$ cat run-v4.cif   # mmCIF, C-alpha atoms and all ligand atoms
data_entry
#
loop_
_atom_site.label_atom_id
_atom_site.label_comp_id
_atom_site.auth_asym_id
_atom_site.auth_seq_id
_atom_site.Cartn_x
_atom_site.Cartn_y
_atom_site.Cartn_z
CA MET A 226 -2.08 -9.97 46.55
CA ASP A 227 -3.35 -12.96 44.55
CA ASP A 228 -2.58 -11.06 41.35
CA VAL A 229 0.93 -10.30 42.61
CA ALA A 230 1.65 -13.96 43.36
CA ALA A 231 0.11 -15.06 40.04
CA CYS A 232 2.34 -12.60 38.17
CA PHE A 233 5.54 -13.97 39.76
CA GLU A 234 4.43 -17.54 39.03
CA TYR A 235 3.57 -16.70 35.44
CA TYR A 236 6.96 -15.11 34.72
CA ALA A 237 8.79 -17.92 36.50
CA ASP A 238 7.27 -20.24 33.87
CA LEU A 239 8.14 -17.86 31.02
CA ALA A 240 11.74 -17.70 32.25
CA GLU A 241 11.99 -21.45 31.75
CA SER A 242 10.39 -21.42 28.32
CA LEU A 243 12.73 -18.58 27.33
CA ASP A 244 15.69 -20.95 27.69
CA GLU A 245 13.99 -23.38 25.31
CA LYS A 246 13.42 -20.62 22.73
CA GLN A 247 17.08 -19.53 22.57
CA ARG A 248 19.04 -20.10 19.33
CA SER A 249 15.90 -20.32 17.24
CA PRO A 250 17.05 -20.40 13.62
CA ILE A 251 16.27 -17.70 11.06
CA SER A 252 15.73 -19.04 7.58
CA LEU A 253 18.03 -17.35 5.07
CA PRO A 254 17.99 -17.32 1.27
CA MET A 255 21.69 -18.42 1.05
CA GLU A 256 22.78 -21.91 2.02
CA ASN A 257 26.31 -20.92 3.00
CA PHE A 258 25.03 -18.84 5.92
CA LYS A 259 23.24 -19.92 9.07
CA SER A 260 21.64 -17.51 11.47
CA HIS A 261 19.95 -17.74 14.84
CA ILE A 262 18.85 -15.32 17.49
CA LEU A 263 19.71 -14.91 21.13
CA LYS A 264 17.31 -13.14 23.47
CA GLU A 265 19.47 -11.50 26.09
CA PRO A 266 18.72 -9.44 29.20
CA ILE A 267 18.85 -5.75 28.36
CA GLY A 268 21.01 -5.07 31.43
CA VAL A 269 20.31 -2.93 34.46
CA VAL A 270 16.74 -1.64 34.43
CA GLY A 271 15.20 1.27 36.33
CA LEU A 272 11.59 0.63 37.35
CA ILE A 273 9.58 3.66 38.46
CA THR A 274 6.07 3.02 39.75
CA PRO A 275 2.96 4.89 41.00
CA TRP A 276 0.95 4.72 44.21
CA ASN A 277 -2.22 3.10 42.95
CA TYR A 278 -1.90 -0.70 43.23
CA PRO A 279 1.62 -0.03 44.51
CA LEU A 280 2.83 -3.62 44.82
CA LEU A 281 1.03 -4.90 41.71
CA MET A 282 2.40 -2.13 39.48
CA ALA A 283 5.91 -2.89 40.79
CA THR A 284 5.38 -6.63 40.26
CA TRP A 285 4.34 -6.11 36.62
CA LYS A 286 7.91 -4.84 36.14
CA VAL A 287 9.99 -6.72 38.73
CA ALA A 288 8.76 -10.21 37.79
CA PRO A 289 9.40 -10.00 34.02
CA SER A 290 12.66 -8.06 34.38
CA LEU A 291 14.15 -10.67 36.72
CA ALA A 292 12.72 -13.48 34.57
CA ALA A 293 14.54 -11.93 31.60
CA GLY A 294 17.81 -12.02 33.56
CA CYS A 295 18.10 -8.29 34.22
CA THR A 296 19.10 -6.67 37.46
CA ALA A 297 16.68 -4.00 38.59
CA VAL A 298 16.47 -0.81 40.59
CA LEU A 299 12.89 -0.24 41.73
CA LYS A 300 11.74 3.25 42.75
CA PRO A 301 8.22 2.98 44.16
CA SER A 302 5.97 5.97 44.74
CA GLU A 303 6.83 8.09 47.77
CA LEU A 304 3.15 7.82 48.77
CA ALA A 305 3.10 4.02 48.95
CA SER A 306 6.53 2.41 49.34
CA LEU A 307 5.97 -0.04 52.18
CA THR A 308 4.64 -3.04 50.28
CA CYS A 309 7.59 -2.79 47.89
CA LEU A 310 10.01 -2.76 50.82
CA GLU A 311 8.22 -5.85 52.11
CA LEU A 312 8.82 -7.46 48.70
CA GLY A 313 12.52 -6.67 49.21
CA ALA A 314 12.42 -8.40 52.59
CA ILE A 315 10.84 -11.48 50.97
CA CYS A 316 13.54 -11.50 48.28
CA MET A 317 16.19 -11.56 51.02
CA GLU A 318 14.32 -14.35 52.78
CA VAL A 319 14.31 -16.48 49.63
CA ALA A 320 18.02 -15.70 49.04
CA LEU A 321 17.74 -13.70 45.83
CA PRO A 322 21.43 -12.82 45.28
CA PRO A 323 22.34 -9.36 46.62
CA GLY A 324 22.22 -6.66 43.96
CA VAL A 325 19.69 -8.39 41.71
CA LEU A 326 16.72 -6.36 42.97
CA ASN A 327 17.51 -3.00 44.53
CA ILE A 328 14.83 -0.78 46.01
CA ILE A 329 15.32 2.91 46.56
CA THR A 330 12.65 5.08 48.10
CA GLY A 331 12.32 8.81 47.77
CA LEU A 332 10.81 11.65 45.81
CA GLY A 333 10.58 11.59 42.02
CA PRO A 334 13.10 14.31 41.18
CA GLU A 335 15.63 13.02 43.73
CA ALA A 336 15.32 9.24 43.53
CA GLY A 337 13.54 8.69 40.19
CA ALA A 338 15.15 11.22 37.86
CA PRO A 339 18.73 9.92 38.34
CA LEU A 340 17.59 6.53 37.04
CA SER A 341 16.43 8.01 33.75
CA SER A 342 19.66 9.94 33.20
CA HIS A 343 22.19 7.47 34.64
CA PRO A 344 24.61 6.08 32.04
CA HIS A 345 24.68 2.64 33.67
CA VAL A 346 20.93 2.14 33.66
CA ASP A 347 20.16 0.47 30.34
CA LYS A 348 16.39 0.92 30.25
CA VAL A 349 13.64 2.66 32.19
CA ALA A 350 10.17 1.20 32.59
CA PHE A 351 7.75 3.74 34.00
CA THR A 352 4.12 3.75 35.14
CA GLY A 353 2.63 7.04 36.22
CA SER A 354 1.36 10.34 34.91
CA THR A 355 1.82 11.60 31.37
CA GLU A 356 3.68 14.68 32.65
CA THR A 357 6.30 12.60 34.48
CA GLY A 358 6.47 10.23 31.49
CA LYS A 359 7.49 13.14 29.26
CA ARG A 360 10.25 14.13 31.70
CA ILE A 361 11.59 10.60 31.84
CA MET A 362 11.56 10.27 28.07
CA THR A 363 13.41 13.57 27.69
CA ALA A 364 16.09 12.55 30.18
CA ALA A 365 16.47 9.08 28.68
CA ALA A 366 16.76 10.52 25.17
CA GLN A 367 20.10 12.11 26.12
CA MET A 368 21.54 8.61 26.49
CA VAL A 369 19.43 7.08 23.70
CA LYS A 370 18.09 4.87 26.47
CA PRO A 371 14.98 2.82 25.70
CA VAL A 372 11.91 3.52 27.79
CA SER A 373 8.49 1.98 28.11
CA LEU A 374 5.72 4.18 29.43
CA GLU A 375 2.37 3.21 30.95
CA LEU A 376 0.64 6.54 31.47
CA GLY A 377 -2.78 7.90 32.26
CA GLY A 378 -6.09 7.55 30.48
CA LYS A 379 -9.61 8.83 29.95
CA SER A 380 -11.13 5.64 28.70
CA PRO A 381 -14.65 5.40 27.24
CA LEU A 382 -17.40 2.87 27.93
CA ILE A 383 -20.02 2.72 25.17
CA VAL A 384 -23.44 1.25 26.01
CA PHE A 385 -25.89 0.42 23.22
CA ASP A 386 -29.66 0.15 23.50
CA ASP A 387 -29.83 -3.66 23.23
CA VAL A 388 -28.38 -4.45 26.66
CA ASP A 389 -29.58 -5.69 30.02
CA ILE A 390 -29.57 -2.35 31.84
CA ASP A 391 -28.70 -3.53 35.35
CA LYS A 392 -25.84 -5.74 34.18
CA ALA A 393 -24.41 -2.86 32.14
CA VAL A 394 -24.85 -0.44 35.04
CA GLU A 395 -22.81 -2.72 37.28
CA TRP A 396 -19.91 -2.82 34.77
CA ALA A 397 -20.08 0.95 34.39
CA MET A 398 -19.74 1.28 38.16
CA PHE A 399 -16.94 -1.28 38.40
CA GLY A 400 -15.18 0.58 35.58
CA VAL A 401 -14.87 3.83 37.51
CA PHE A 402 -15.71 3.37 41.19
CA ALA A 403 -13.52 0.33 41.94
CA ASN A 404 -10.36 1.39 43.81
CA ALA A 405 -12.09 4.79 44.15
CA GLY A 406 -11.45 5.39 40.45
CA GLN A 407 -7.69 5.45 40.99
CA VAL A 408 -7.14 3.14 38.05
CA CYS A 409 -5.24 4.13 34.93
CA SER A 410 -7.71 2.24 32.72
CA ALA A 411 -10.85 3.51 34.51
CA THR A 412 -13.70 3.91 32.03
CA SER A 413 -14.45 7.45 33.17
CA ARG A 414 -16.36 8.60 30.09
CA LEU A 415 -19.73 6.90 29.72
CA LEU A 416 -21.41 7.01 26.31
CA LEU A 417 -25.08 6.05 26.37
CA HIS A 418 -27.37 5.35 23.46
CA GLU A 419 -30.06 8.03 23.64
CA LYS A 420 -32.87 5.46 23.72
CA ILE A 421 -31.76 4.04 27.06
CA ALA A 422 -29.97 7.06 28.53
CA LYS A 423 -32.67 8.18 30.94
CA GLN A 424 -33.48 4.71 32.23
CA PHE A 425 -29.77 3.87 32.49
CA LEU A 426 -28.95 7.00 34.48
CA ASP A 427 -31.87 6.41 36.88
CA ARG A 428 -30.56 2.91 37.56
CA LEU A 429 -26.93 4.08 37.76
CA VAL A 430 -27.82 6.68 40.39
CA ALA A 431 -29.82 4.10 42.37
CA TRP A 432 -26.94 1.59 42.27
CA ALA A 433 -24.34 4.26 43.05
CA LYS A 434 -26.28 5.40 46.13
CA ASN A 435 -26.26 1.81 47.29
CA ILE A 436 -22.44 1.53 47.34
CA LYS A 437 -21.07 1.06 50.83
CA VAL A 438 -18.55 3.86 51.37
CA SER A 439 -16.48 3.14 54.46
CA ASP A 440 -13.16 2.30 55.99
CA PRO A 441 -11.93 -0.45 53.63
CA LEU A 442 -11.35 -2.72 56.61
CA GLU A 443 -15.11 -2.79 57.25
CA GLU A 444 -17.04 -5.76 55.93
CA GLY A 445 -18.77 -5.04 52.61
CA CYS A 446 -16.89 -1.82 51.83
CA ARG A 447 -16.95 -1.04 48.11
CA LEU A 448 -15.50 2.49 48.13
CA GLY A 449 -12.72 3.69 50.41
CA SER A 450 -10.93 7.01 50.72
CA VAL A 451 -8.63 8.33 48.02
CA VAL A 452 -4.88 8.21 48.52
CA SER A 453 -4.02 11.64 49.90
CA GLU A 454 -5.28 15.10 50.77
CA GLU A 455 -3.73 16.42 47.56
CA GLN A 456 -5.64 13.87 45.47
CA TYR A 457 -8.83 14.61 47.44
CA GLU A 458 -8.54 18.34 46.76
CA LYS A 459 -7.71 17.70 43.12
CA ILE A 460 -10.83 15.58 42.62
CA LYS A 461 -13.05 18.15 44.36
CA LYS A 462 -11.59 20.83 42.08
CA PHE A 463 -12.44 18.74 39.00
CA ILE A 464 -16.03 18.50 40.23
CA SER A 465 -16.35 22.22 40.98
CA THR A 466 -14.81 23.14 37.61
CA ALA A 467 -17.29 20.82 35.85
CA ARG A 468 -20.12 22.58 37.69
CA SER A 469 -18.82 26.04 36.82
CA GLU A 470 -18.40 25.04 33.16
CA GLY A 471 -22.11 24.17 33.06
CA ALA A 472 -22.24 20.43 33.72
CA THR A 473 -24.78 18.87 36.11
CA ILE A 474 -23.66 16.88 39.15
CA LEU A 475 -26.38 14.26 38.92
CA CYS A 476 -25.28 12.39 42.01
CA GLY A 477 -22.50 12.61 44.61
CA GLY A 478 -19.83 15.27 44.30
CA ALA A 479 -19.07 15.72 47.98
CA ARG A 480 -17.89 14.02 51.15
CA PRO A 481 -20.35 11.33 52.32
CA GLN A 482 -22.27 12.74 55.29
CA HIS A 483 -21.58 9.76 57.54
CA LEU A 484 -17.80 10.11 57.18
CA ARG A 485 -16.43 13.20 58.87
CA ARG A 486 -12.75 12.24 58.61
CA GLY A 487 -10.63 10.80 55.83
CA PHE A 488 -10.39 11.65 52.14
CA PHE A 489 -13.73 10.17 51.11
CA ILE A 490 -15.63 11.27 48.02
CA GLU A 491 -19.09 10.01 47.07
CA PRO A 492 -19.50 8.15 43.78
CA THR A 493 -20.07 11.05 41.41
CA ILE A 494 -22.00 11.09 38.13
CA ILE A 495 -21.77 14.16 35.89
CA THR A 496 -24.12 14.88 32.97
CA ASP A 497 -24.70 17.77 30.53
CA VAL A 498 -21.08 17.46 29.54
CA SER A 499 -19.64 19.00 26.38
CA THR A 500 -16.45 17.82 24.69
CA SER A 501 -14.61 21.05 25.45
CA MET A 502 -15.02 20.67 29.22
CA GLN A 503 -12.12 19.73 31.46
CA ILE A 504 -14.13 16.83 32.91
CA TRP A 505 -14.37 15.26 29.44
CA ARG A 506 -10.72 15.83 28.54
CA GLU A 507 -8.60 15.28 31.65
CA GLU A 508 -7.95 12.29 33.85
CA VAL A 509 -9.53 12.68 37.33
CA PHE A 510 -8.22 9.52 38.99
CA GLY A 511 -11.17 9.51 41.38
CA PRO A 512 -14.72 8.06 41.64
CA VAL A 513 -16.13 10.42 39.01
CA ILE A 514 -17.81 9.49 35.74
CA CYS A 515 -18.97 11.88 33.04
CA VAL A 516 -21.77 11.00 30.64
CA LYS A 517 -22.72 11.83 27.06
CA GLU A 518 -25.43 10.47 24.80
CA PHE A 519 -25.09 9.32 21.20
CA ARG A 520 -27.47 8.37 18.40
CA THR A 521 -25.42 6.30 15.96
CA GLU A 522 -22.55 3.85 16.15
CA SER A 523 -20.23 6.19 14.24
CA GLU A 524 -21.07 9.04 16.61
CA ALA A 525 -20.24 6.75 19.56
CA VAL A 526 -16.85 5.84 18.05
CA GLU A 527 -16.06 9.46 17.29
CA LEU A 528 -16.82 10.49 20.87
CA ALA A 529 -14.90 7.51 22.26
CA ASN A 530 -11.79 8.46 20.27
CA ASP A 531 -12.11 12.16 21.12
CA THR A 532 -9.17 12.08 23.54
CA HIS A 533 -5.40 12.45 23.58
CA TYR A 534 -5.25 9.26 25.61
CA GLY A 535 -5.53 5.70 24.32
CA LEU A 536 -5.20 3.18 27.10
CA ALA A 537 -8.53 1.33 27.15
CA GLY A 538 -12.06 1.35 25.81
CA ALA A 539 -15.14 -0.76 26.42
CA VAL A 540 -18.36 -1.57 24.63
CA ILE A 541 -21.51 -3.23 25.93
CA SER A 542 -23.94 -4.61 23.36
CA ASN A 543 -25.58 -7.89 22.48
CA ASP A 544 -24.65 -7.45 18.82
CA GLU A 545 -21.44 -9.42 18.36
CA GLU A 546 -20.60 -7.92 14.97
CA ARG A 547 -21.01 -4.42 16.30
CA CYS A 548 -18.66 -5.22 19.19
CA GLN A 549 -16.05 -6.50 16.73
CA ARG A 550 -16.35 -3.36 14.58
CA ILE A 551 -15.94 -1.16 17.62
CA SER A 552 -12.94 -3.17 18.88
CA LYS A 553 -11.20 -2.28 15.63
CA ALA A 554 -12.32 1.33 15.62
CA LEU A 555 -11.18 2.26 19.13
CA HIS A 556 -7.72 3.90 19.28
CA SER A 557 -6.62 2.14 22.44
CA GLY A 558 -4.32 -0.66 23.57
CA ILE A 559 -7.07 -2.52 25.42
CA VAL A 560 -10.71 -3.17 24.49
CA TRP A 561 -13.22 -4.78 26.82
CA ILE A 562 -16.43 -6.23 25.42
CA ASN A 563 -19.44 -6.54 27.72
CA CYS A 564 -17.29 -5.72 30.77
CA SER A 565 -14.73 -3.19 32.02
CA GLN A 566 -11.40 -3.66 33.82
CA PRO A 567 -10.81 -7.42 34.13
CA THR A 568 -7.04 -7.84 33.87
CA PHE A 569 -5.14 -11.04 33.13
CA VAL A 570 -1.41 -11.52 33.45
CA GLN A 571 -1.40 -13.47 30.17
CA ALA A 572 -2.80 -10.59 28.07
CA PRO A 573 -0.84 -7.52 26.87
CA TRP A 574 -1.38 -4.27 28.78
CA GLY A 575 -0.55 -0.77 27.61
CA GLY A 576 -1.70 2.22 25.64
CA ASN A 577 -1.43 4.32 22.53
CA LYS A 578 -1.16 8.08 22.06
CA ARG A 579 -0.48 9.94 25.34
CA SER A 580 -1.19 6.81 27.36
CA GLY A 581 2.32 5.71 26.43
CA PHE A 582 3.91 2.87 24.49
CA GLY A 583 5.25 -0.60 25.07
CA ARG A 584 3.24 -3.49 26.50
CA GLU A 585 3.46 -5.08 29.91
CA LEU A 586 2.18 -8.52 30.93
CA GLY A 587 2.10 -11.67 28.83
CA GLU A 588 5.09 -12.54 26.65
CA TRP A 589 5.27 -8.87 25.61
CA GLY A 590 6.04 -7.97 29.21
CA LEU A 591 9.11 -10.22 29.06
CA ASP A 592 10.21 -8.79 25.68
CA ASN A 593 10.36 -5.37 27.36
CA TYR A 594 13.49 -6.50 29.19
CA LEU A 595 15.16 -8.50 26.42
CA THR A 596 17.33 -7.41 23.58
CA ILE A 597 17.58 -9.51 20.45
CA LYS A 598 20.94 -10.45 18.99
CA GLN A 599 21.42 -12.11 15.62
CA VAL A 600 24.28 -14.58 15.33
CA THR A 601 25.17 -15.30 11.70
CA LYS A 602 27.76 -17.83 10.64
CA TYR A 603 29.46 -18.40 7.29
CA CYS A 604 29.51 -22.16 6.94
CA SER A 605 31.00 -22.85 3.52
CA ASP A 606 34.51 -24.22 2.98
CA GLU A 607 34.88 -21.98 -0.08
CA PRO A 608 36.59 -18.57 0.19
CA TRP A 609 34.23 -15.62 0.03
CA GLY A 610 35.65 -14.58 -3.35
CA TRP A 611 34.73 -10.88 -3.45
CA TYR A 612 38.31 -9.69 -3.92
CA GLN A 613 40.90 -11.01 -6.29
CA PRO A 614 43.62 -12.87 -4.38
CA PRO A 615 47.08 -11.34 -4.97
CA SER A 616 48.82 -13.37 -7.65
CA LYS A 617 51.30 -15.93 -6.38
CA LEU A 618 54.26 -15.18 -8.62
N1 LIG B 701 -0.98 2.87 32.33
C1 LIG B 701 -0.87 2.23 33.45
O1 LIG B 701 -0.68 1.04 33.47
C2 LIG B 701 -0.97 2.98 34.76
C3 LIG B 701 -1.06 2.24 35.94
C4 LIG B 701 -1.14 2.94 37.14
C5 LIG B 701 -1.12 4.34 37.14
N2 LIG B 701 -1.03 5.02 35.99
C6 LIG B 701 -1.00 6.49 35.99
O2 LIG B 701 -0.25 6.98 37.08
C7 LIG B 701 -0.73 8.25 37.50
C8 LIG B 701 -0.87 8.33 39.01
O3 LIG B 701 0.30 7.95 39.63
P1 LIG B 701 1.31 8.98 40.31
O4 LIG B 701 0.57 10.18 40.80
O5 LIG B 701 2.10 8.19 41.25
O6 LIG B 701 2.16 9.45 39.04
P2 LIG B 701 3.49 10.34 39.04
O7 LIG B 701 3.86 10.50 37.61
O8 LIG B 701 3.35 11.54 39.87
O9 LIG B 701 4.56 9.43 39.79
C9 LIG B 701 4.91 8.15 39.36
C10 LIG B 701 6.32 7.81 39.81
O10 LIG B 701 7.24 8.67 39.15
C11 LIG B 701 8.12 9.25 40.10
N3 LIG B 701 8.59 10.54 39.56
C12 LIG B 701 8.03 11.78 39.71
N4 LIG B 701 8.77 12.70 39.05
C13 LIG B 701 9.80 12.05 38.48
C14 LIG B 701 10.89 12.45 37.64
N5 LIG B 701 11.07 13.73 37.29
N6 LIG B 701 11.74 11.51 37.21
C15 LIG B 701 11.57 10.22 37.53
N7 LIG B 701 10.58 9.77 38.33
C16 LIG B 701 9.69 10.68 38.79
C17 LIG B 701 7.28 9.33 41.35
O11 LIG B 701 8.10 9.48 42.48
C18 LIG B 701 6.55 8.00 41.31
O12 LIG B 701 7.37 6.96 41.77
C19 LIG B 701 -2.03 8.43 36.79
O13 LIG B 701 -1.91 9.36 35.74
C20 LIG B 701 -2.34 7.06 36.23
O14 LIG B 701 -3.14 7.05 35.10
C21 LIG B 701 -0.93 4.36 34.80
N1 LIG B 702 -7.76 -5.02 37.66
C1 LIG B 702 -6.53 -4.62 37.90
N2 LIG B 702 -5.73 -5.31 38.65
N3 LIG B 702 -6.15 -3.49 37.34
C2 LIG B 702 -4.89 -2.93 37.47
C3 LIG B 702 -4.91 -1.61 36.78
C4 LIG B 702 -3.61 -0.96 36.85
C5 LIG B 702 -3.67 0.47 36.49
O1 LIG B 702 -3.86 1.35 37.31
#

$ encode --input "run-v4.cif" --output "C-alpha cells" --more "lines below"
Ligand SMILES: NC(=O)c1ccc[n+]([C@@H]2O[C@H](COP(=O)([O-])OP(=O)(O)OC[C@H]3O[C@@H](n4cnc5c(N)ncnc54)[C@H](O)[C@@H]3O)[C@@H](O)[C@H]2O)c1
Ligand SMILES: N=C(N)NCCCC=O
Amino acid sequence: MDDVAACFEYYADLAESLDEKQRSPISLPMENFKSHILKEPIGVVGLITPWNYPLLMATWKVAPSLAAGCTAVLKPSELASLTCLELGAICMEVALPPGVLNIITGLGPEAGAPLSSHPHVDKVAFTGSTETGKRIMTAAAQMVKPVSLELGGKSPLIVFDDVDIDKAVEWAMFGVFANAGQVCSATSRLLLHEKIAKQFLDRLVAWAKNIKVSDPLEEGCRLGSVVSEEQYEKIKKFISTARSEGATILCGGARPQHLRRGFFIEPTIITDVSTSMQIWREEVFGPVICVKEFRTESEAVELANDTHYGLAGAVISNDEERCQRISKALHSGIVWINCSQPTFVQAPWGGNKRSGFGRELGEWGLDNYLTIKQVTKYCSDEPWGWYQPPSKL
C-alpha cells in the first residue's frame, strides 16, 4: 500500500513538471523556421492487469496515464478485482471527474479482449502472461494500436565465490520466495560458482526450512498460500515434471505438514537441472528455485541468457568490475547487483525478448501515455520562393 501511495504522489509531481516541459524548442539548421514539441495525452487507454500485486500493478498504469492527461479503462484480473474497485471508490470520494477512470471487471476474453480491438481505445497497456500478451498484440495490430507489454520472466541470479554466503542466501530467498514466488521478476534460476555451490546449498536449505509458512495474517509470516487452486496445481505439476525429467527436489516440493487447508507450497529448491528441462525454461510463478553450477564468468553469462525471457537478472559478487561487465552482458531490462527485487518508482521497469517491451515507472512510465507532436513555424517575411510567381502582365 505504501508503494501504491508513493506511485500516485510521484506521478502527481511529474504531471506538474510535464507542464513546464511543454513547448521545448528543437534547434533547426535554418533560421527561418522555428520548431517546438508538444507532449499530448495519447487518448483513451485500456489498462489490463494481473492478479499478483493487483492494486500495485494497476497503479503503475493508472497513475501515469491520468498524470499524462489520458482517460483510462482499467480491467483488473478476475482473480483479484476488489482492491481496484476500492481505488474507484476513492476516486469518487476525491471527486475525480466521472469518466476519467473507468473500471470494468470480468474475464479476459469478455472484458479484456474488447479493449484491445476497440476502435476508440487509443492504446493498450498490459501486464500478464506472454500468451495473453501475444493475443493482445495481435488484436491491437488490426487497428495499428500501440501496446506496451510487461510479461513473464525466468530471471537468473548469479552468485560468485567471493561473497558472504549468508547475505547472498537471503537475497536468493527474497528473489524467489517473497510473495510466494508470484513475482514477474522473480530470480527463479540460481547460478552458483562451483567452489561455493555445496556450502551455499546447505545454507539455502537451512534458511528455507526456517521460513515461517502460515496464514499471512499471522505475525512473522514470510510465505503464504498461492493465489488459487489452479495455480497450486500448476506449481505442483512443475515440480513433478522436474522430478520425472531427472532433477532432484533438494528441499520442499509439497504442502507443509502443519497446513492441511489452503494452497500452500513449501519453499522448493531443485538441483541436478539441465537446460533442456521445463523447470529451467518455463516460468513457474511459485516458490520454486532451480539451481545450476558454473565455473567461469562467461559460462555464467551464457547460462543466464539461456532463456526466451528478458525481464530481470541479478549478480552477487564483491568484484565491482565483474558486476559492471555482467550488467552489460545480461539481456534483460533490469539488473540487480548484490540484491534481488528492490523496486523503485523512479527507475524504469520492463523487459526484453518475450518479457515484452515498453517501460513503466519513472519518466518512461509517463511517456507510455504521451504522444509527441512537432509544431514547426515558418517565421520569415520572405516568400518561400520554390515556384515562379505567374508574371504580372
Ligand atoms: N512484467 C511485469 O511487470 C509483470 C508483473 C506482474 C505479472 N506479470 C506476469 O503476469 C502473469 C500472471 O498473471 P495472470 O495469470 O493474471 O496473467 P494473464 O495473462 O492470465 O491475465 C492478465 C490479465 O489479462 C486478462 N486477459 C486474459 N485473456 C485476455 C485476452 N484474450 N484479451 C485481453 N485480456 C485478457 C486477464 O483477465 C487479466 O486481467 C505471469 O506470467 C507474470 O510473469 C508480469
Ligand atoms: N518489489 C515489488 N513491488 N515488485 C513488484 C513486482 C511486480 C511484478 O510482478

$ atom_distance --input "run-v4.cif" --atom1 "atom CA of A:Val498" --atom2 "atom O8 of ligand LIG 701 (chain B)"
27.2 Å

$ closest_atom_pairs --input "run-v4.cif" --of "chain A" --to "ligand LIG 702 (chain B)" --cutoff "10 Å" --atoms "only C-alpha atoms and all ligand atoms" --output "JSON lines"
{"residue": "A:Met226", "atom": "CA", "partner": "B:LIG702", "partner_atom": "N2", "distance": 9.9}
{"residue": "A:Asp227", "atom": "CA", "partner": "B:LIG702", "partner_atom": "N2", "distance": 9.9}
{"residue": "A:Asp228", "atom": "CA", "partner": "B:LIG702", "partner_atom": "N2", "distance": 7.1}
{"residue": "A:Val229", "atom": "CA", "partner": "B:LIG702", "partner_atom": "N2", "distance": 9.2}
{"residue": "A:Pro275", "atom": "CA", "partner": "B:LIG702", "partner_atom": "O1", "distance": 8.5}
{"residue": "A:Trp276", "atom": "CA", "partner": "B:LIG702", "partner_atom": "O1", "distance": 9.1}
{"residue": "A:Asn277", "atom": "CA", "partner": "B:LIG702", "partner_atom": "O1", "distance": 6.1}
{"residue": "A:Tyr278", "atom": "CA", "partner": "B:LIG702", "partner_atom": "O1", "distance": 6.6}
{"residue": "A:Pro279", "atom": "CA", "partner": "B:LIG702", "partner_atom": "O1", "distance": 9.2}
{"residue": "A:Leu281", "atom": "CA", "partner": "B:LIG702", "partner_atom": "N2", "distance": 7.4}
{"residue": "A:Met282", "atom": "CA", "partner": "B:LIG702", "partner_atom": "C4", "distance": 6.7}
{"residue": "A:Trp285", "atom": "CA", "partner": "B:LIG702", "partner_atom": "C4", "distance": 9.5}
{"residue": "A:Thr352", "atom": "CA", "partner": "B:LIG702", "partner_atom": "C5", "distance": 8.6}
{"residue": "A:Gly353", "atom": "CA", "partner": "B:LIG702", "partner_atom": "O1", "distance": 8.7}
{"residue": "A:Glu375", "atom": "CA", "partner": "B:LIG702", "partner_atom": "C5", "distance": 8.6}
{"residue": "A:Leu376", "atom": "CA", "partner": "B:LIG702", "partner_atom": "C5", "distance": 9.0}
{"residue": "A:Gly377", "atom": "CA", "partner": "B:LIG702", "partner_atom": "O1", "distance": 8.3}
{"residue": "A:Gly378", "atom": "CA", "partner": "B:LIG702", "partner_atom": "O1", "distance": 9.5}
{"residue": "A:Phe399", "atom": "CA", "partner": "B:LIG702", "partner_atom": "N1", "distance": 9.9}
{"residue": "A:Gly400", "atom": "CA", "partner": "B:LIG702", "partner_atom": "N1", "distance": 9.5}
{"residue": "A:Ala403", "atom": "CA", "partner": "B:LIG702", "partner_atom": "N1", "distance": 9.0}
{"residue": "A:Asn404", "atom": "CA", "partner": "B:LIG702", "partner_atom": "N3", "distance": 9.1}
{"residue": "A:Gly406", "atom": "CA", "partner": "B:LIG702", "partner_atom": "O1", "distance": 9.2}
{"residue": "A:Gln407", "atom": "CA", "partner": "B:LIG702", "partner_atom": "O1", "distance": 6.7}
{"residue": "A:Val408", "atom": "CA", "partner": "B:LIG702", "partner_atom": "O1", "distance": 3.8}
{"residue": "A:Cys409", "atom": "CA", "partner": "B:LIG702", "partner_atom": "O1", "distance": 3.9}
{"residue": "A:Ser410", "atom": "CA", "partner": "B:LIG702", "partner_atom": "C5", "distance": 5.8}
{"residue": "A:Ala411", "atom": "CA", "partner": "B:LIG702", "partner_atom": "O1", "distance": 7.8}
{"residue": "A:Phe510", "atom": "CA", "partner": "B:LIG702", "partner_atom": "O1", "distance": 9.4}
{"residue": "A:Leu536", "atom": "CA", "partner": "B:LIG702", "partner_atom": "C5", "distance": 9.9}
{"residue": "A:Ser565", "atom": "CA", "partner": "B:LIG702", "partner_atom": "N1", "distance": 9.2}
{"residue": "A:Gln566", "atom": "CA", "partner": "B:LIG702", "partner_atom": "N1", "distance": 5.5}
{"residue": "A:Pro567", "atom": "CA", "partner": "B:LIG702", "partner_atom": "N1", "distance": 5.2}
{"residue": "A:Thr568", "atom": "CA", "partner": "B:LIG702", "partner_atom": "N1", "distance": 4.8}
{"residue": "A:Phe569", "atom": "CA", "partner": "B:LIG702", "partner_atom": "N1", "distance": 8.0}
{"residue": "A:Val570", "atom": "CA", "partner": "B:LIG702", "partner_atom": "N2", "distance": 9.2}
{"residue": "A:Trp574", "atom": "CA", "partner": "B:LIG702", "partner_atom": "C4", "distance": 9.0}
{"residue": "A:Gly575", "atom": "CA", "partner": "B:LIG702", "partner_atom": "C5", "distance": 9.5}

$ closest_residue --input "run-v4.cif" --among "A:Asp606, A:Glu455, A:Asp497, A:Glu318" --to "ligand LIG 701 (chain B)" --atoms "only C-alpha atoms and all ligand atoms"
A:Glu455

$ atom_distance --input "run-v4.cif" --atom1 "atom CA of A:Glu395" --atom2 "atom CA of A:Val513"
14.8 Å

$ closest_residue --input "run-v4.cif" --among "A:Arg584, A:Lys423, A:Arg485, A:His556" --to "ligand LIG 701 (chain B)" --atoms "all atoms listed in the file"
A:Arg584

$ atom_distance --input "run-v4.cif" --atom1 "atom CA of A:Asp386" --atom2 "atom CA of A:Gly558"
25.4 Å

$ closest_residue --input "run-v4.cif" --among "A:Arg428, A:Lys553, A:Lys517, A:Lys300" --to "A:Leu416" --atoms "all atoms listed in the file"
A:Lys517

$ closest_residue --input "run-v4.cif" --among "A:Ser465, A:Thr493, A:Thr355, A:Gln424" --to "ligand LIG 701 (chain B)" --atoms "all atoms listed in the file"
A:Thr355

$ closest_residue --input "run-v4.cif" --among "A:Cys564, A:His345, A:Ala293, A:Trp611" --to "A:Val394" --atoms "only C-alpha atoms"
A:Cys564
